[in-house]
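*Asks:* First the structure, then my questions, so here it is.
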Amino acid sequence: MAQTLQTDAPRAVDQILDNYRSDNPGVRANLYRLLMTGRLAGTGKLVILPVDQGFEHGPARSFAVNPAGYDPAYHAQLAVDAGCNAYAAPYGFIQTVAHDFAGRIPLILKVNNHDVLFDEKDPSPAQTSAVKDALRLGCAAIGFTIYPGSSQWKGMYEQLRALAEEARDNGLAVVVWSYPRGSGLSKEGETAIDVVAYATQIAAQLGAHIIKVKLPTDHLEQDAAKKVYLAESIPISTAAERVKHVVQSAFDGKRIVVFSGGGKKGEDAIFDEARAIRDGGGNGSIIGRNSFQRPKADAVKFLNKVMDIYAGKK
Amino acid sequence: MAQTLQTDAPRAVDQILDNYRSDNPGVRANLYRLLMTGRLAGTGKLVILPVDQGFEHGPARSFAVNPAGYDPAYHAQLAVDAGCNAYAAPYGFIQTVAHDFAGRIPLILKVNNHDVLFDEKDPSPAQTSAVKDALRLGCAAIGFTIYPGSSQWKGMYEQLRALAEEARDNGLAVVVWSYPRGSGLSKEGETAIDVVAYATQIAAQLGAHIIKVKLPTDHLEQDAAKKVYLAESIPISTAAERVKHVVQSAFDGKRIVVFSGGGKKGEDAIFDEARAIRDGGGNGSIIGRNSFQRPKADAVKFLNKVMDIYAGKK
Amino acid sequence: MAQTLQTDAPRAVDQILDNYRSDNPGVRANLYRLLMTGRLAGTGKLVILPVDQGFEHGPARSFAVNPAGYDPAYHAQLAVDAGCNAYAAPYGFIQTVAHDFAGRIPLILKVNNHDVLFDEKDPSPAQTSAVKDALRLGCAAIGFTIYPGSSQWKGMYEQLRALAEEARDNGLAVVVWSYPRGSGLSKEGETAIDVVAYATQIAAQLGAHIIKVKLPTDHLEQDAAKKVYLAESIPISTAAERVKHVVQSAFDGKRIVVFSGGGKKGEDAIFDEARAIRDGGGNGSIIGRNSFQRPKADAVKFLNKVMDIYAGKK
Amino acid sequence: MAQTLQTDAPRAVDQILDNYRSDNPGVRANLYRLLMTGRLAGTGKLVILPVDQGFEHGPARSFAVNPAGYDPAYHAQLAVDAGCNAYAAPYGFIQTVAHDFAGRIPLILKVNNHDVLFDEKDPSPAQTSAVKDALRLGCAAIGFTIYPGSSQWKGMYEQLRALAEEARDNGLAVVVWSYPRGSGLSKEGETAIDVVAYATQIAAQLGAHIIKVKLPTDHLEQDAAKKVYLAESIPISTAAERVKHVVQSAFDGKRIVVFSGGGKKGEDAIFDEARAIRDGGGNGSIIGRNSFQRPKADAVKFLNKVMDIYAGKK
Amino acid sequence: MAQTLQTDAPRAVDQILDNYRSDNPGVRANLYRLLMTGRLAGTGKLVILPVDQGFEHGPARSFAVNPAGYDPAYHAQLAVDAGCNAYAAPYGFIQTVAHDFAGRIPLILKVNNHDVLFDEKDPSPAQTSAVKDALRLGCAAIGFTIYPGSSQWKGMYEQLRALAEEARDNGLAVVVWSYPRGSGLSKEGETAIDVVAYATQIAAQLGAHIIKVKLPTDHLEQDAAKKVYLAESIPISTAAERVKHVVQSAFDGKRIVVFSGGGKKGEDAIFDEARAIRDGGGNGSIIGRNSFQRPKADAVKFLNKVMDIYAGKK
């Protein structure tokens with residue numbers, strides 16, 4: 001195996017970067033920036049603020065409860081103030097704030113999106129921005145959503161392939177939201193452990209540097225997989241065990257995996273989830289609605305507590 | 001926040017341009033031209049004359065009532081004479097007049113269009129001209145229609161993305177007609193406040209510099225949204241309140257929003273609408289049929305009165 | 001308005017070219033060639049010989065009645081001998097004769113075609129040649145058919161847009177055959193006056209320099225349009241009135257409109273049609289089957305009589 | 001008309017090449033090579049060996065009866081030994097032998113193919129190689145199959161158009177297999193005289209230098225065509241008459257037409273067919289299964305007899 | 001025929017390379033590397049380790065039985081330790097190990113993949129990486145799966161054509177997984193001898209340098225083919241006879257054919273298969289699940305025994 005480089009970077013970051021040693025210096029630099037920004041800098045853990053709900057769910061559903069959030073600058077500032085590792089959003093939100101925030105915090109340009117004014121059974125997001133935009137706006141990475149299980153899977157994977165190639169060639173990291181969905185799956189199956197582990201593997205095989213999945217349940221969706229989980233007694237009864245299995249599915253932990261927070265819920269539930277992610281070896285969380293749908297001071301306090309958990313302090 | 005530049009431009013225009021500070025000087029120059037042309041120059045308000053009805057509805061339905069309008073030069077001259085900020089039309093109309101009018105008034109090339117000889121439930125306009133045409137013909141912006149709610153949404157958003165990128169790279173502004181329509185929505189839902197606010201957000205996220213939507217009703221179309229409007233008691237009972245909510249959905253007013261006049265109606269109704277748009281913080285109107293479907297002298301008088309309302313004189 | 005240039009060209013041609021003053025010198029040169037060739041040179045009127053029936057209907061249906069027409073050279077020579085303004089045909093026919101005829105008469109390369117071996121309800125022709133071919137073969141223009149009213153309309157308009165852009169950039173004129181057809185229309189509706197006027201407008205908006213439509217009937221197809229025709233009492237009872245309305249729909253006569261002859265019929269009917277086109281302000285005829293499906297001497301005599309009508313001699 | 005050049009080439013070849021005088025010297029050189037190779041060199045007649053059945057029908061159905069044919073070199077050598085004008089095959093077969101045979105005999109790269117493992121009612125072949133391959137492998141021409149009458153016709157014609165353009169630009173000749181097939185036609189209609197003549201015309205209009213069709217029957221498929229065949233008393237009762245009509249449909253004989261041999265049958269039947277093709281003015285045959293599905297010595301003898309018929313010796 | 005070159009390479013390798021004499025030196029160099037690596041170097045036989053099951057079946061189904069296999073480095077090391085000729089995997093797996101393993105063993109980048117979260121009747125894999133990736137990662141070849149018999153066949157063949165062209169132009173070899181599947185075939189038909197032989201021929205015609213098929217059964221699927229197998233008494237009763245027929249279908253053995261191991265089964269069954277492949281003239285095996293789903297030491301021992309069979313030692 002290649003020898004770990006002697007650098008000033010914390011050991012946790014060096015160890016992670018070592019898994020990306022086939023990547024070019026540009027990509028590695030941006031992964032380094034993501035890992036060395038904010039309160040979790042140097043720990044190998046990440047808490048990222050994503051705000052694509054304006055596009056995905058509509059503005060009122062996203063921002064009415066805390067109207068400061070209608071302004072794109074609010075979120076970028078929240079990410080900075082809370083000490084997040086990065087801020088992710090669609091083109092319009094990123095474009096509006098890039099002039100002021102690029103450089104201050106790593107920006108992730110979410111290059112495809114989906115709205116619910118036409119809400120199909122087998123969704124495929126539209127490409128809404130480009131690698132060229134990410135470069136012009138000073139971003140560290142692009143973000144892309146795939147829906148494994150949708151009949152539109154082929155188109156999404158091929159669009160990701162092309163964009164990921166262009167991103168890498170330009171030194172940008174690639175973050176993949178891998179969300180199983182569509183007529184190949186039951187509703188419960190979308191968060192089944194076998195399906196989420198599979199979705200993780202697919203994202204890794206497609207070249208994701210960072211994989212974002214939902215925290216899985218212990219449901220088993222696919223018969224052929226179920227047989228193996230039972231035969232091999234793969235432990236999936238606790239959230240931490242399931243996280244561990246997902247991390248294993250990310251090339252035995254050689255790819256960064258972060259978990260999404262989902263809809264707004266109680267703080268304690270989220271803290272428990274963070275502990276499970278940490279204990280299972282996950283790399284952190286992407287937390288949107290649970291952050292920006294509360295007053296800013298609360299949000300900063302809340303996010304800092306999540307970060308403390310990842311830092312092993314809670 | 002970035003500091004407002006010290007220029008000769010009126011303060012209202014400077015404040016608006018400050019929201020576009022991530023844009024390149026070429027785009028900013030064209031936004032400046034749009035805001036500094038005509039009777040409303042310097043007020044931050046716009047009244048734009050659009051004439052795409054010949055394509056969208058047919059020539060007789062559009063021009064028979066005032067046959068001077070069959071001639072493309074009529075409309076460009078009307079826009080100049082009435083002191084509009086800009087004139088928008090499809091390729092043929094713009095191409096015929098550009099030799100004489102480019103420079104005299106900002107031209108907006110409407111690069112996609114739809115006719116009703118085949119009128120589908122889930123429409124998607126055809127691209128009918130290109131950014132290259134807009135540049136060659138001396139235009140200040142391109143215009144593009146999307147129909148959120150149509151099953152063809154993905155194709156439209158991706159076509160807009162590509163054209164908007166090319167437009168921006170060449171210093172042109174991007175005006176998006178965001179008209180919800182298609183099998184995802186009821187007829188009433190096309191102008192529902194939740195849907196129009198959502199359509200505004202989508203256009204902004206897709207990179208529109210100027211967003212054109214219809215004046216919404218107080219209908220609430222989507223269940224998940226309705227819940228939030230009620231829970232948060234978002235005020236939507238008056239036209240001005242609804243305009244305010246739409247403006248909020250345009251990145252808290254950081255994107256220019258203008259409202260369409262719709263079919264021909266009584267003058268007073270339109271004046272009332274203009275006051276509501278003004279009072280709700282909207283940036284103005286796009287008025288087509290209510291302008292060119294009356295004799296020219298009447299139209300100029302009528303448009304001037306609308307402008308006076310925006311200028312705060314009525 | 002721009003001042004008419006002082007040239008040697010006849011006043012009628014200068015007046016027409018003045019409507020194309022946004023076009024580049026290359027396009028204007030080819031329009032000039034089309035207007036200054038043959039017996040109608042300088043009159044502002046055109047009679048064009050089109051022979052695409054071998055492709056559109058099959059060889060025997062087209063040429064068996066006058067077998068000399070199997071040979072592509074026959075038609076080019078007929079067009080020259082009869083003093084037509086131009087000769088239009090698909091790739092194979094043009095390519096075979098270009099070596100000898102390019103320069104002697106303006107050639108129009110019909111770049112899309114449709115056959116009836118598979119005859120669908122919603123047709124869309126195939127692109128069968130390219131702008132590059134037209135240039136290599138010394139043509140003055142490309143010809144392109146659209147079928148407004150077909151569910152395939154978007155694909156056709158976008159293909160025309162791209163080819164028209166390339167043609168213009170290379171100094172070629174663009175002739176659009178605008179033939180309403182498809183599931184959006186009844187059979188009678190294909191030649192209804194409202195539909196033909198609309199098809200004319202669409203072609204003009206898409207950038208056609210010369211528009212070819214069928215001579216319309218007084219049928220009114222679309223309800224919304226019918227209302228306006230009745231309310232505004234648009235005169236459509238005579239063929240000349242209908243031609244006038246179509247010409248008005250071509251940007252108030254700022255675009256050249258020629259009318260198709262249709263299937264073979266009695267000479268007098270065609271002469272009457274030509275008079276109606278002339279009296280309504282149309283620019284001429286495209287006459288195929290009525291020319292090449294009779295012996296050559298007859299055809300020349302027949303075409304000359306049509307030309308005399310346009311020249312105002314009959 | 002252009003004057004025939006004074007060259008050393010036999011008069012028959014000069015006369016044919018004169019019909020291609022709009023083509024560039026590169027294409028003319030390859031047509032010359034095809035007409036000046038083998039036992040029929042200089043006669044204006046061609047016998048071409050095509051071997052695409054391995055792809056189109058499967059290897060055992062094609063080669064089991066004479067297993068030497070599994071080896072691609074067998075066929076190229078057979079074509080040379082029998083004195084054929086050219087050898088045509090898909091990429092794999094041509095690529096394997098090109099190192100040794102390019103230059104020794106004109107090679108025709110069949111750039112699209114279809115297999116019967118999925119055998120659809122409305123077929124469209126897949127492009128399986130490219131013009132660039134033909135150039136690299138020293139070929140004289142590309143071959144392309146279209147199925148007029150298939151609902152997929154538009155895609156095939158447009159693919160042919162693009163490939164033919166590229167071929168011509170690079171000096172390669174274009175051979176079109178025009179095989180009516182698909183839901184627009186009855187089974188009997190695939191070889192009906194009206195349909196085959198129409199398919200010939202389509203190929204010629206699409207720019208084929210050499211057209212390959214099946215020998216037609218006297219069936220009349222299309223009602224509108226039938227009417228004309230009867231009204232004009234077009235002679236179609238003998239095979240020679242039908243060949244003559246097909247040749248007429250190939251621009252009055254200005255394009256080379258060869259006829260396919262079809263499935264294996266008795267020698268005498270094929271000799272009779274060759275005589276009919278010769279007497280009707282056809283340019284020759286493409287004979288595959290009837291050649292390579294018999295022992296080599298027999299095949300050479302058989303092909304030589306066919307060639308003698310074309311040379312007028314039998 | 002071309003004369004065999006005098007080189008240091010073993011005679012078996014020279015003989016194989018001679019069949020690729022139309023290929024460029026870059027492709028030949030990579031075929032040479034594949035044939036001169038590992039324990040079978042110089043024998044003309046190959047055993048390749050493929051690991052795409054993580055993508056194709058999911059991570060737990062693939063790796064839970066031997067969890068070391070979650071780590072991509074495990075497989076590359078296994079291929080080296082067992083003395084395989086090459087290691088094949090999708091982008092993510094190859095990318096993770098290329099930094100360390102490129103050069104040590106020929107890498108085959110599997111550029112398309114399919115998962116079973118949406119499992120359609122007529123599958124078509126998604127392109128998941130590119131020729132450019134293979135070059136950057138130091139690979140010797142690309143791998144591509146086609147499913148003849150699927151209604152999506154045309155798209156797959158055309159995607160392969162384009163990628164194979166680019167691969168060859170860059171000196172990479174092309175390995176085609178030709179797996180009949182889809183609504184054109186019964187389940188039993190997927191491994192029928194007539195179908196597998198046909199799939200072999202198709203891959204060879206499409207330009208595969210190395211063809212991978214499943215070991216066929218003696219079932220005959222297609223009626224037209226069945227008739228020929230019976231009429232010509234093609235021997236297909238033993239596995240070795242069927243391999244011989246498949247090799248014959250690969251251009252009479254002029255293309256390398258390797259056979260897939262299929263699902264996990266008893267060792268003796270696999271050894272028998274290897275003997276049949278060897279005796280029938282096949283070039284070797286691609287063995288995935290039967291290798292990496294057992295402990296490493298066992299796997300090495302097992303693979304070595306298979307190699308010994310190919311080397312003629314067992």
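Just so we're on the same page: first chain in the structure tokens is A, next is B, and so on; residues restart at 1 for each chain, and ligands are numbered from 1 in the order they show up.
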Which residues are close to region 290-307 of chain C, i.e. within 6 Å by only C-alpha atoms, leaving aside same-chain residues fewer than 4 positions away? Reply as a ChimeraX atom specification.
*Replies:* /C:66,82,264
*Asks:* Export, as an mmCIF file, in the first residue's frame, the selected residues with N, CA, C and O atoms.
*Replies:*
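Output file selection35.cif is given in full below:
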```cif
data_model
loop_
_atom_site.group_PDB
_atom_site.id
_atom_site.type_symbol
_atom_site.label_atom_id
_atom_site.label_comp_id
_atom_site.auth_asym_id
_atom_site.auth_seq_id
_atom_site.Cartn_x
_atom_site.Cartn_y
_atom_site.Cartn_z
ATOM 1 N N ASN C 66 -45.657 11.487 -67.909
ATOM 2 C CA ASN C 66 -44.732 12.161 -68.833
ATOM 3 C C ASN C 66 -43.342 11.650 -68.519
ATOM 4 O O ASN C 66 -42.561 12.285 -67.794
ATOM 5 N N ALA C 82 -38.745 27.555 -69.403
ATOM 6 C CA ALA C 82 -39.993 28.268 -69.138
ATOM 7 C C ALA C 82 -39.736 29.634 -68.510
ATOM 8 O O ALA C 82 -40.657 30.425 -68.359
ATOM 9 N N LYS C 264 -52.803 17.999 -60.011
ATOM 10 C CA LYS C 264 -53.067 18.423 -61.387
ATOM 11 C C LYS C 264 -54.543 18.792 -61.572
ATOM 12 O O LYS C 264 -55.427 18.129 -61.043
#
```
*Asks:* Output the contact residues of chain C with respect to chain B at a cut-off of 6 Å, based on only C-alpha atoms, as a list in words.
*Replies:*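 Written out as asked, the residues are Ser22, Gly149, Lys154, Glu158, Arg161, Gly184, Tyr198, Ile202, Ala204, Gln205, Leu206, Gly207, Ala225, Val228, Ser249, Phe251 and Asp252 of chain C.
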*Asks:* Please, what distance in Å, to one decimal, runs between CA of Leu34 (chain E) and CA of Leu109 (chain E)?
*Replies:* 13.5 Å
*Asks:* Apply DSSP to the backbone of this structure and, from region 82-201 of chain B, keep only the residues in strand (DSSP E or B); write these as number ranges by chain.
*Replies:* B: 86-89, 102, 105, 107-110, 112-113, 126-127, 141-146, 173-178, 192
*Asks:* Please measure the separation of CA of Ala167 (chain E) and CA of Val131 (chain A), giving the value in Å to one decimal.
*Replies:*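 Rounded to one decimal, the two atoms are 25.4 Å apart.
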*Asks:* Can you tell me which residues surround region 245-247 of chain E at a distance of at most 10 Å, considering only C-alpha atoms, apart from same-chain residues fewer than 4 positions away, and format the answer as a PyMOL selection string?
*Replies:* (chain D and resi 59-60+64+70) or (chain E and resi 193-201+211+213+215-216+234-236+239-241+251-258+277+280-283)
*Asks:* Set the distance at 6 Å and use only C-alpha atoms: which residues neighbour region 169-183 of chain B once local chain neighbours fewer than 2 positions away are removed? I'd like the list as a list in words.
*Replies:*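 The residues that qualify are Gly26, Val27, Lys121, Asp122, Ala140, Ala141, Ile142, Gly143, Phe144, Thr145, Ile146, Tyr147, Pro148, Gly149, Ser150, Glu166, Ala167, Leu185, Glu190, Ala199, Ala208, His209, Ile210, Ile211, Lys212 and Val213 of chain B.
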*Asks:* Next, dump the selected residues to file, keeping only C-alpha atoms, as a short mmCIF file (atom, residue, chain, number, x, y, z; two decimals), in the first residue's frame.
*Replies:*
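Final output, part.cif:
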```
data_model
loop_
_atom_site.label_atom_id
_atom_site.label_comp_id
_atom_site.auth_asym_id
_atom_site.auth_seq_id
_atom_site.Cartn_x
_atom_site.Cartn_y
_atom_site.Cartn_z
CA GLY B 26 -21.81 42.36 -19.57
CA VAL B 27 -24.97 41.11 -17.92
CA LYS B 121 -52.03 18.89 -22.26
CA ASP B 122 -48.37 18.84 -21.26
CA ALA B 140 -30.13 43.07 -24.39
CA ALA B 141 -31.63 39.80 -23.20
CA ILE B 142 -33.16 36.51 -24.18
CA GLY B 143 -36.61 35.44 -23.02
CA PHE B 144 -37.55 31.82 -22.33
CA THR B 145 -40.83 30.20 -21.24
CA ILE B 146 -41.00 27.26 -18.85
CA TYR B 147 -44.17 25.41 -17.87
CA PRO B 148 -43.61 23.98 -14.36
CA GLY B 149 -46.25 21.28 -13.79
CA SER B 150 -45.92 19.87 -17.31
CA GLU B 166 -24.61 30.83 -23.19
CA ALA B 167 -26.51 34.09 -22.75
CA LEU B 185 -51.97 21.01 -11.99
CA GLU B 190 -52.09 27.49 -12.71
CA ALA B 199 -42.76 28.91 -10.11
CA ALA B 208 -33.35 34.06 -14.29
CA HIS B 209 -32.29 37.68 -13.95
CA ILE B 210 -35.86 38.82 -14.50
CA ILE B 211 -38.86 36.66 -13.70
CA LYS B 212 -42.24 37.04 -15.32
CA VAL B 213 -45.23 35.39 -13.65
#
```
*Asks:* What separation in Å, quoted to one decimal, exists between CA of Gln222 (chain B) and CA of Gln152 (chain B)?
*Replies:* 19.3 Å
*Asks:* Give the alpha helix (DSSP H) residues of region 113-217 of chain B, as assigned by DSSP on the backbone, as a PyMOL selection string.
*Replies:* chain B and resi 131-136+153-169+193-205
*Asks:* Those residues you just picked out, can you put them in a file as a tab-separated table (two decimals), in the first residue's frame with C-alpha atoms?
*Replies:*
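For reference, part-v7.tsv as written:
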```
chain	number	residue	atom	x	y	z
B	131	VAL	CA	-28.28	33.34	-28.24
B	132	LYS	CA	-26.20	33.93	-31.34
B	133	ASP	CA	-29.26	35.53	-32.96
B	134	ALA	CA	-29.77	37.79	-29.95
B	135	LEU	CA	-26.17	38.95	-30.18
B	136	ARG	CA	-26.27	39.51	-33.91
B	153	TRP	CA	-40.57	20.02	-17.31
B	154	LYS	CA	-37.14	18.36	-17.37
B	155	GLY	CA	-36.56	19.07	-21.05
B	156	MET	CA	-37.56	22.72	-20.64
B	157	TYR	CA	-35.41	23.34	-17.56
B	158	GLU	CA	-32.39	21.76	-19.23
B	159	GLN	CA	-32.87	23.74	-22.42
B	160	LEU	CA	-33.16	26.93	-20.35
B	161	ARG	CA	-30.03	26.02	-18.41
B	162	ALA	CA	-27.97	25.64	-21.55
B	163	LEU	CA	-29.30	28.81	-23.18
B	164	ALA	CA	-28.97	30.85	-19.97
B	165	GLU	CA	-25.35	29.77	-19.64
B	166	GLU	CA	-24.61	30.83	-23.19
B	167	ALA	CA	-26.51	34.09	-22.75
B	168	ARG	CA	-24.64	35.01	-19.54
B	169	ASP	CA	-21.29	34.11	-21.07
B	193	ILE	CA	-50.58	31.64	-4.99
B	194	ASP	CA	-48.59	28.62	-3.78
B	195	VAL	CA	-47.96	27.52	-7.35
B	196	VAL	CA	-47.00	30.96	-8.65
B	197	ALA	CA	-44.66	31.53	-5.70
B	198	TYR	CA	-43.11	28.12	-6.39
B	199	ALA	CA	-42.76	28.91	-10.11
B	200	THR	CA	-41.03	32.15	-9.14
B	201	GLN	CA	-38.55	30.29	-6.93
B	202	ILE	CA	-37.83	27.75	-9.67
B	203	ALA	CA	-37.09	30.48	-12.21
B	204	ALA	CA	-34.80	32.21	-9.73
B	205	GLN	CA	-32.96	28.98	-8.92
```
*Asks:* Could you name the residues that touch Cys139 (chain C) at 7 Å or less, counting only C-alpha atoms, but leaving out those on the same chain fewer than 6 positions away, as a list in words?
*Replies:*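 Close residues of Cys139 (chain C): Ala102, Pro106, Leu107, Ile108 and Leu109 of chain C.
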